[in-house]
>>> print(open('data-v4.cif').read())   # mmCIF, C-alpha atoms
data_model
#
loop_
_atom_site.label_atom_id
_atom_site.label_comp_id
_atom_site.auth_asym_id
_atom_site.auth_seq_id
_atom_site.Cartn_x
_atom_site.Cartn_y
_atom_site.Cartn_z
CA MET D 1 10.68 15.08 40.00
CA ALA D 2 13.44 15.97 37.57
CA GLU D 3 11.65 14.01 34.85
CA ILE D 4 8.44 15.98 35.46
CA ASP D 5 10.29 19.29 35.35
CA LEU D 6 11.93 18.36 32.09
CA TYR D 7 8.60 17.39 30.62
CA ASP D 8 7.07 20.66 31.77
CA ILE D 9 9.76 22.46 29.77
CA PHE D 10 9.15 20.13 26.86
CA GLN D 11 5.39 20.79 26.79
CA GLY D 12 3.87 23.15 24.28
CA GLN D 13 4.91 23.68 20.69
CA ALA D 14 7.84 21.26 20.78
CA ALA D 15 5.73 18.34 22.00
CA ALA D 16 2.97 19.16 19.53
CA PHE D 17 5.48 19.31 16.67
CA LEU D 18 6.77 15.85 17.60
CA LEU D 19 3.21 14.51 17.46
CA VAL D 20 2.80 16.00 13.99
CA LEU D 21 6.12 14.45 12.98
CA THR D 22 5.02 11.08 14.37
CA ARG D 23 1.83 11.04 12.30
CA THR D 24 3.76 12.16 9.23
CA SER D 25 6.31 9.39 9.76
CA GLY D 26 3.52 6.78 9.75
CA ILE D 27 3.06 6.94 5.97
CA PHE D 28 6.77 6.18 5.49
CA LEU D 29 6.40 2.79 7.19
CA ILE D 30 4.17 0.97 4.71
CA SER D 31 2.84 3.19 1.92
CA PRO D 32 4.07 2.54 -1.63
CA PHE D 33 6.80 4.81 -2.97
CA PHE D 34 7.28 6.55 0.40
CA GLY D 35 7.91 3.33 2.31
CA SER D 36 10.07 1.57 -0.28
CA MET D 37 13.07 -0.23 1.19
CA ASN D 38 15.34 1.01 -1.59
CA VAL D 39 14.77 4.61 -0.46
CA PRO D 40 17.50 5.43 2.10
CA ILE D 41 16.14 5.80 5.61
CA GLN D 42 17.95 9.14 5.93
CA LEU D 43 16.00 10.46 2.93
CA ARG D 44 12.71 9.18 4.34
CA ALA D 45 13.43 10.78 7.69
CA ALA D 46 14.40 14.09 6.08
CA THR D 47 11.22 14.06 3.96
CA ALA D 48 9.06 13.32 7.00
CA ILE D 49 10.66 16.20 8.93
CA THR D 50 10.18 18.53 5.96
CA LEU D 51 6.49 17.64 5.68
CA ALA D 52 6.03 18.13 9.42
CA VAL D 53 7.71 21.55 9.28
CA LEU D 54 5.47 22.60 6.37
CA LEU D 55 2.26 21.29 7.95
CA PHE D 56 2.81 22.45 11.53
CA PRO D 57 2.16 26.20 11.02
CA VAL D 58 -1.11 25.41 9.20
CA ILE D 59 -2.18 23.02 11.95
CA VAL D 60 -1.46 25.60 14.65
CA LYS D 61 -3.59 28.21 12.84
CA THR D 62 -6.60 25.95 12.30
CA SER D 63 -6.72 24.14 15.65
CA ILE D 64 -5.65 24.44 19.25
CA VAL D 65 -2.58 22.29 19.76
CA THR D 66 -1.91 21.13 23.29
CA ALA D 67 0.49 18.50 24.56
CA PRO D 68 -0.62 15.74 26.98
CA GLU D 69 -0.24 16.40 30.68
CA SER D 70 2.19 13.59 31.51
CA ILE D 71 4.95 11.79 29.70
CA TRP D 72 3.09 8.46 29.90
CA ILE D 73 0.02 9.91 28.23
CA PHE D 74 2.33 11.49 25.69
CA ALA D 75 3.86 8.07 24.92
CA ALA D 76 0.37 6.61 24.34
CA THR D 77 -0.50 9.59 22.14
CA VAL D 78 2.63 9.00 20.05
CA VAL D 79 1.47 5.44 19.35
CA LYS D 80 -1.98 6.68 18.31
CA GLU D 81 -0.57 9.35 16.00
CA LEU D 82 1.79 6.85 14.42
CA PHE D 83 -1.16 4.52 13.86
CA VAL D 84 -3.18 7.26 12.10
CA GLY D 85 -0.34 7.87 9.64
CA TRP D 86 0.12 4.13 9.22
CA LEU D 87 -3.57 3.71 8.38
CA ILE D 88 -3.31 6.16 5.47
CA GLY D 89 -0.29 4.30 4.12
CA PHE D 90 -2.01 0.95 4.68
CA VAL D 91 -4.94 1.89 2.41
CA ALA D 92 -2.49 2.64 -0.39
CA TYR D 93 -0.51 -0.51 0.38
CA VAL D 94 -3.62 -2.69 -0.05
CA ALA D 95 -3.96 -1.74 -3.73
CA PHE D 96 -0.37 -2.75 -4.44
CA ALA D 97 -0.75 -5.92 -2.39
CA ALA D 98 -3.58 -6.90 -4.76
CA ILE D 99 -1.25 -6.36 -7.72
CA THR D 100 1.40 -8.55 -6.10
CA MET D 101 -1.24 -11.21 -5.40
CA SER D 102 -2.31 -11.22 -9.06
CA GLY D 103 1.31 -11.62 -10.13
CA LYS D 104 1.74 -14.63 -7.87
CA ILE D 105 -1.39 -16.25 -9.28
CA MET D 106 -0.26 -15.69 -12.86
CA ASP D 107 3.25 -16.97 -12.10
CA MET D 108 1.84 -20.21 -10.71
CA GLN D 109 -0.38 -20.70 -13.74
CA VAL D 110 2.16 -19.80 -16.41
CA GLY D 111 5.12 -21.57 -14.81
CA TYR D 112 7.34 -18.73 -13.65
CA ALA D 113 6.78 -19.59 -9.98
CA VAL D 114 10.00 -21.66 -9.94
CA ALA D 115 12.05 -18.46 -10.28
CA ASN D 116 11.92 -15.45 -7.95
CA VAL D 117 13.68 -12.10 -8.03
CA MET D 118 14.69 -9.80 -5.20
CA ASP D 119 12.37 -6.81 -5.08
CA PRO D 120 14.35 -3.74 -3.92
CA THR D 121 11.20 -1.84 -2.88
CA SER D 122 10.16 -4.43 -0.27
CA GLY D 123 13.41 -6.31 0.37
CA GLN D 124 11.66 -9.64 -0.27
CA GLN D 125 11.68 -12.23 -3.02
CA MET D 126 8.86 -11.84 -5.53
CA PRO D 127 7.78 -13.82 -8.60
CA LEU D 128 8.75 -12.50 -12.02
CA ILE D 129 5.34 -11.32 -13.22
CA GLY D 130 4.42 -10.02 -9.77
CA SER D 131 7.59 -7.94 -9.57
CA PHE D 132 7.06 -6.58 -13.09
CA LEU D 133 3.44 -5.59 -12.47
CA TYR D 134 4.26 -4.09 -9.08
CA ASN D 135 7.10 -1.93 -10.37
CA LEU D 136 5.00 -0.82 -13.34
CA ALA D 137 2.21 0.16 -10.95
CA VAL D 138 4.62 2.16 -8.78
CA ILE D 139 5.88 4.06 -11.84
CA TYR D 140 2.34 4.80 -13.00
CA PHE D 141 1.36 5.79 -9.44
CA VAL D 142 4.09 8.43 -9.41
CA VAL D 143 3.30 9.60 -12.96
CA VAL D 144 -0.35 10.30 -12.09
CA ASN D 145 0.76 12.06 -8.86
CA GLY D 146 -0.71 9.43 -6.59
CA HIS D 147 1.90 10.30 -3.98
CA HIS D 148 0.44 13.80 -3.88
CA VAL D 149 -2.92 12.28 -2.92
CA ILE D 150 -1.31 10.51 0.03
CA ILE D 151 0.28 13.77 1.19
CA SER D 152 -3.07 15.56 0.77
CA ALA D 153 -4.77 12.83 2.79
CA LEU D 154 -2.15 13.22 5.49
CA ALA D 155 -2.73 16.99 5.62
CA GLY D 156 -6.50 16.47 5.67
CA SER D 157 -6.23 13.99 8.51
CA PHE D 158 -5.23 16.80 10.88
CA GLN D 159 -8.58 18.46 10.20
CA SER D 160 -10.59 15.25 10.43
CA VAL D 161 -8.69 13.94 13.44
CA PRO D 162 -6.90 16.68 15.42
CA LEU D 163 -3.92 15.67 17.50
CA ASP D 164 -4.67 13.35 20.42
CA THR D 165 -8.32 12.76 19.43
CA PHE D 166 -8.15 9.45 17.54
CA VAL D 167 -10.59 6.80 18.80
CA TRP D 168 -11.05 3.32 17.30
CA THR D 169 -14.57 2.82 15.95
CA ASN D 170 -16.55 -0.11 14.55
CA SER D 171 -16.78 1.59 11.15
CA LEU D 172 -12.99 1.72 10.98
CA ALA D 173 -12.81 -2.00 11.74
CA LYS D 174 -15.32 -2.67 8.95
CA ILE D 175 -13.26 -0.64 6.47
CA ALA D 176 -10.09 -2.53 7.43
CA GLU D 177 -11.94 -5.83 6.95
CA ASP D 178 -13.28 -4.82 3.53
CA LEU D 179 -9.87 -3.61 2.36
CA THR D 180 -8.21 -6.86 3.40
CA ALA D 181 -10.88 -8.94 1.66
CA ALA D 182 -10.52 -6.80 -1.49
CA VAL D 183 -6.88 -7.87 -1.89
CA LEU D 184 -7.78 -11.40 -3.00
CA MET D 185 -10.76 -10.31 -5.12
CA THR D 186 -8.82 -7.61 -6.97
CA GLY D 187 -5.87 -9.95 -7.47
CA MET D 188 -8.15 -12.57 -8.99
CA LYS D 189 -9.71 -10.00 -11.35
CA ILE D 190 -6.30 -8.90 -12.64
CA ALA D 191 -5.10 -12.48 -13.11
CA MET D 192 -8.35 -13.78 -14.63
CA PRO D 193 -7.45 -13.37 -18.37
CA VAL D 194 -4.11 -15.16 -18.04
CA THR D 195 -5.62 -17.82 -15.78
CA PHE D 196 -8.45 -18.46 -18.25
CA ALA D 197 -6.01 -18.69 -21.19
CA ILE D 198 -3.86 -21.25 -19.32
CA LEU D 199 -7.00 -23.19 -18.36
CA MET D 200 -8.06 -23.43 -22.00
CA THR D 201 -4.52 -24.46 -22.91
CA ASN D 202 -4.58 -27.27 -20.36
CA VAL D 203 -7.98 -28.41 -21.60
CA GLY D 204 -6.61 -28.54 -25.14
CA LEU D 205 -3.53 -30.45 -24.00
CA GLY D 206 -5.75 -32.89 -22.13
CA ILE D 207 -7.81 -33.57 -25.25
CA LEU D 208 -4.61 -33.94 -27.27
CA ALA D 209 -3.22 -36.40 -24.73
CA ARG D 210 -6.36 -38.56 -25.04
CA THR D 211 -6.38 -38.54 -28.84
CA MET D 212 -2.61 -38.99 -29.25
CA PRO D 213 -1.34 -41.06 -26.30
CA GLN D 214 2.08 -41.54 -27.92
CA MET D 215 2.82 -37.81 -27.74
CA ASN D 216 4.74 -36.56 -24.69
CA ILE D 217 2.47 -33.76 -23.52
CA PHE D 218 4.90 -32.58 -20.84
CA VAL D 219 7.55 -31.79 -23.45
CA ILE D 220 5.31 -29.38 -25.34
CA GLY D 221 3.01 -28.40 -22.44
CA ILE D 222 5.42 -26.33 -20.39
CA PRO D 223 6.84 -24.27 -23.30
CA LEU D 224 3.32 -23.81 -24.64
CA GLN D 225 2.08 -22.49 -21.29
CA LEU D 226 5.00 -20.06 -21.08
CA THR D 227 4.41 -18.84 -24.62
CA ILE D 228 0.65 -18.40 -24.29
CA GLY D 229 0.84 -16.90 -20.81
CA THR D 230 3.49 -14.36 -21.81
CA SER D 231 1.65 -13.50 -25.05
CA VAL D 232 -1.66 -12.92 -23.26
CA LEU D 233 0.08 -10.81 -20.62
CA ALA D 234 1.70 -8.69 -23.35
CA MET D 235 -1.66 -8.15 -25.05
CA LEU D 236 -3.20 -7.13 -21.72
CA MET D 237 -0.67 -4.39 -20.94
CA PRO D 238 -2.77 -1.50 -22.38
CA PHE D 239 -5.80 -2.76 -20.46
CA TYR D 240 -3.68 -3.20 -17.33
CA VAL D 241 -2.79 0.49 -17.41
CA MET D 242 -6.49 1.31 -17.77
CA PHE D 243 -7.22 -0.98 -14.84
CA LEU D 244 -4.64 0.89 -12.76
CA ASP D 245 -6.66 4.06 -13.32
CA THR D 246 -9.73 2.37 -11.88
CA LEU D 247 -7.74 0.82 -9.05
CA PHE D 248 -6.16 4.11 -8.03
CA ASN D 249 -9.51 5.93 -8.20
CA THR D 250 -10.86 3.29 -5.84
CA LEU D 251 -7.79 3.85 -3.68
CA TYR D 252 -8.45 7.58 -3.46
CA GLY D 253 -12.08 6.88 -2.55
CA SER D 254 -10.96 4.44 0.16
CA ILE D 255 -8.66 7.07 1.66
CA SER D 256 -11.55 9.56 1.75
CA MET D 257 -13.76 6.92 3.36
CA LEU D 258 -11.08 6.22 5.93
CA LEU D 259 -10.77 9.91 6.85
CA LYS D 260 -14.54 10.09 7.31
CA ALA D 261 -14.50 6.98 9.47
CA ILE D 262 -11.83 8.33 11.83
CA ALA D 263 -13.17 11.91 11.77
CA VAL D 264 -14.04 13.40 15.16
CA THR D 265 -17.75 14.22 15.24
#
>>> encode(input="data-v4.cif", output="structure tokens")
Amino acid sequence: MAEIDLYDIFQGQAAAFLLVLTRTSGIFLISPFFGSMNVPIQLRAATAITLAVLLFPVIVKTSIVTAPESIWIFAATVVKELFVGWLIGFVAYVAFAAITMSGKIMDMQVGYAVANVMDPTSGQQMPLIGSFLYNLAVIYFVVVNGHHVIISALAGSFQSVPLDTFVWTNSLAKIAEDLTAAVLMTGMKIAMPVTFAILMTNVGLGILARTMPQMNIFVIGIPLQLTIGTSVLAMLMPFYVMFLDTLFNTLYGSISMLLKAIAVT
């Protein structure tokens, strides 16, 4: 009985604010830049609270905010709100996962796969090219105000999906499936030039090994792959930045598609 009385006191604006804070916190779990491991958790928590404080008055004016009737329903609602915020961050995370995938493919082809570096943004070991491309993408993402798009999507989600109204739909499952499949395809597209250059290099080395059997191909093969792979990657940098524009535009479209899929009709 005491628990019910306490919850009755807790109901209202305070409970609704915590639901807003929960959804806001979801983007700080997985989204790039916001969810980076090298950002102190205290700073992420303070930013999430600040966003919730700024968004809550607008949400109250545009919709009727009511807290669930019991604490158990409230606990289930917290999980749903956290999942909505996580979904927005997940769409942004997919684009950067494709970049990491392309880096891994290029590292295996060029020969850098034997060495990994610790990535401070994820707390995991990453290949050299993958870490370089990922960090460059994060910098460009911030420069073009991509993080503002994520915040705008978060604010728009409260209009598309008011508090305690999220329902899983088949269209949402289809979007999640397409986004996951796009990781490998996008990664292959980014890595294709370097992969093709290394393939041609290996074909040339194979022909050279047949015509000059006395030559030790392994002695010149590995340095040649490193040189050609790094040179092609350097020449592709301007085009990589242009590709990031296309990738991020697709990302923004995917976020809009996601909000339409989870919108309450």
>>> resolve_selection(input="data-v4.cif", expression="the PyMOL selection byres ((chain D and resi 20) around 12)", output="compact mmCIF listing (two decimals) with C-alpha atoms, in the frame of the given file")
# COMPACT_ATOMS: atom_id res chain seq x y z
CA GLN D 13 4.91 23.68 20.69
CA ALA D 14 7.84 21.26 20.78
CA ALA D 15 5.73 18.34 22.00
CA ALA D 16 2.97 19.16 19.53
CA PHE D 17 5.48 19.31 16.67
CA LEU D 18 6.77 15.85 17.60
CA LEU D 19 3.21 14.51 17.46
CA LEU D 21 6.12 14.45 12.98
CA THR D 22 5.02 11.08 14.37
CA ARG D 23 1.83 11.04 12.30
CA THR D 24 3.76 12.16 9.23
CA SER D 25 6.31 9.39 9.76
CA GLY D 26 3.52 6.78 9.75
CA ALA D 48 9.06 13.32 7.00
CA ILE D 49 10.66 16.20 8.93
CA THR D 50 10.18 18.53 5.96
CA LEU D 51 6.49 17.64 5.68
CA ALA D 52 6.03 18.13 9.42
CA VAL D 53 7.71 21.55 9.28
CA LEU D 54 5.47 22.60 6.37
CA LEU D 55 2.26 21.29 7.95
CA PHE D 56 2.81 22.45 11.53
CA PRO D 57 2.16 26.20 11.02
CA VAL D 58 -1.11 25.41 9.20
CA ILE D 59 -2.18 23.02 11.95
CA VAL D 60 -1.46 25.60 14.65
CA VAL D 65 -2.58 22.29 19.76
CA THR D 66 -1.91 21.13 23.29
CA ALA D 67 0.49 18.50 24.56
CA THR D 77 -0.50 9.59 22.14
CA VAL D 78 2.63 9.00 20.05
CA VAL D 79 1.47 5.44 19.35
CA LYS D 80 -1.98 6.68 18.31
CA GLU D 81 -0.57 9.35 16.00
CA LEU D 82 1.79 6.85 14.42
CA VAL D 84 -3.18 7.26 12.10
CA GLY D 85 -0.34 7.87 9.64
CA LEU D 154 -2.15 13.22 5.49
CA ALA D 155 -2.73 16.99 5.62
CA SER D 157 -6.23 13.99 8.51
CA PHE D 158 -5.23 16.80 10.88
CA VAL D 161 -8.69 13.94 13.44
CA PRO D 162 -6.90 16.68 15.42
CA LEU D 163 -3.92 15.67 17.50
CA ASP D 164 -4.67 13.35 20.42
>>> closest_residue(input="data-v4.cif", among="D:Leu184, D:Ile190, D:Leu208, D:Ala197", to="Leu247 (chain D)", atoms="all atoms listed in the file")
D:Ile190
>>> resolve_selection(input="data-v4.cif", expression="the PyMOL selection byres ((chain D and resi 245) around 12)", output="PyMOL selection string")
chain D and resi 95+137+140-141+143-146+238-244+246-252
>>> residues_around(input="data-v4.cif", residues="Gly35 (chain D)", least_positions_apart="3", cutoff="9 Å", atoms="all atoms listed in the file", output="tab-separated table (two decimals) with C-alpha atoms, in the coordinates of the input")
chain	number	residue	atom	x	y	z
D	27	ILE	CA	3.06	6.94	5.97
D	28	PHE	CA	6.77	6.18	5.49
D	29	LEU	CA	6.40	2.79	7.19
D	30	ILE	CA	4.17	0.97	4.71
D	31	SER	CA	2.84	3.19	1.92
D	32	PRO	CA	4.07	2.54	-1.63
D	38	ASN	CA	15.34	1.01	-1.59
D	39	VAL	CA	14.77	4.61	-0.46
D	44	ARG	CA	12.71	9.18	4.34
D	89	GLY	CA	-0.29	4.30	4.12
D	121	THR	CA	11.20	-1.84	-2.88
D	122	SER	CA	10.16	-4.43	-0.27
>>> closest_residue(input="data-v4.cif", among="D:Leu133, D:Ile262, D:Ile88, D:Ile139", to="Gly187 (chain D)", atoms="only C-alpha atoms")
D:Leu133
>>> closest_residue(input="data-v4.cif", among="D:Ile73, D:Ile255, D:Met106, D:Ile228", to="Ala176 (chain D)", atoms="only C-alpha atoms")
D:Ile255
>>> closest_residue(input="data-v4.cif", among="D:Val142, D:Tyr112, D:Phe34, D:Lys260", to="Thr227 (chain D)", atoms="all atoms listed in the file")
D:Tyr112
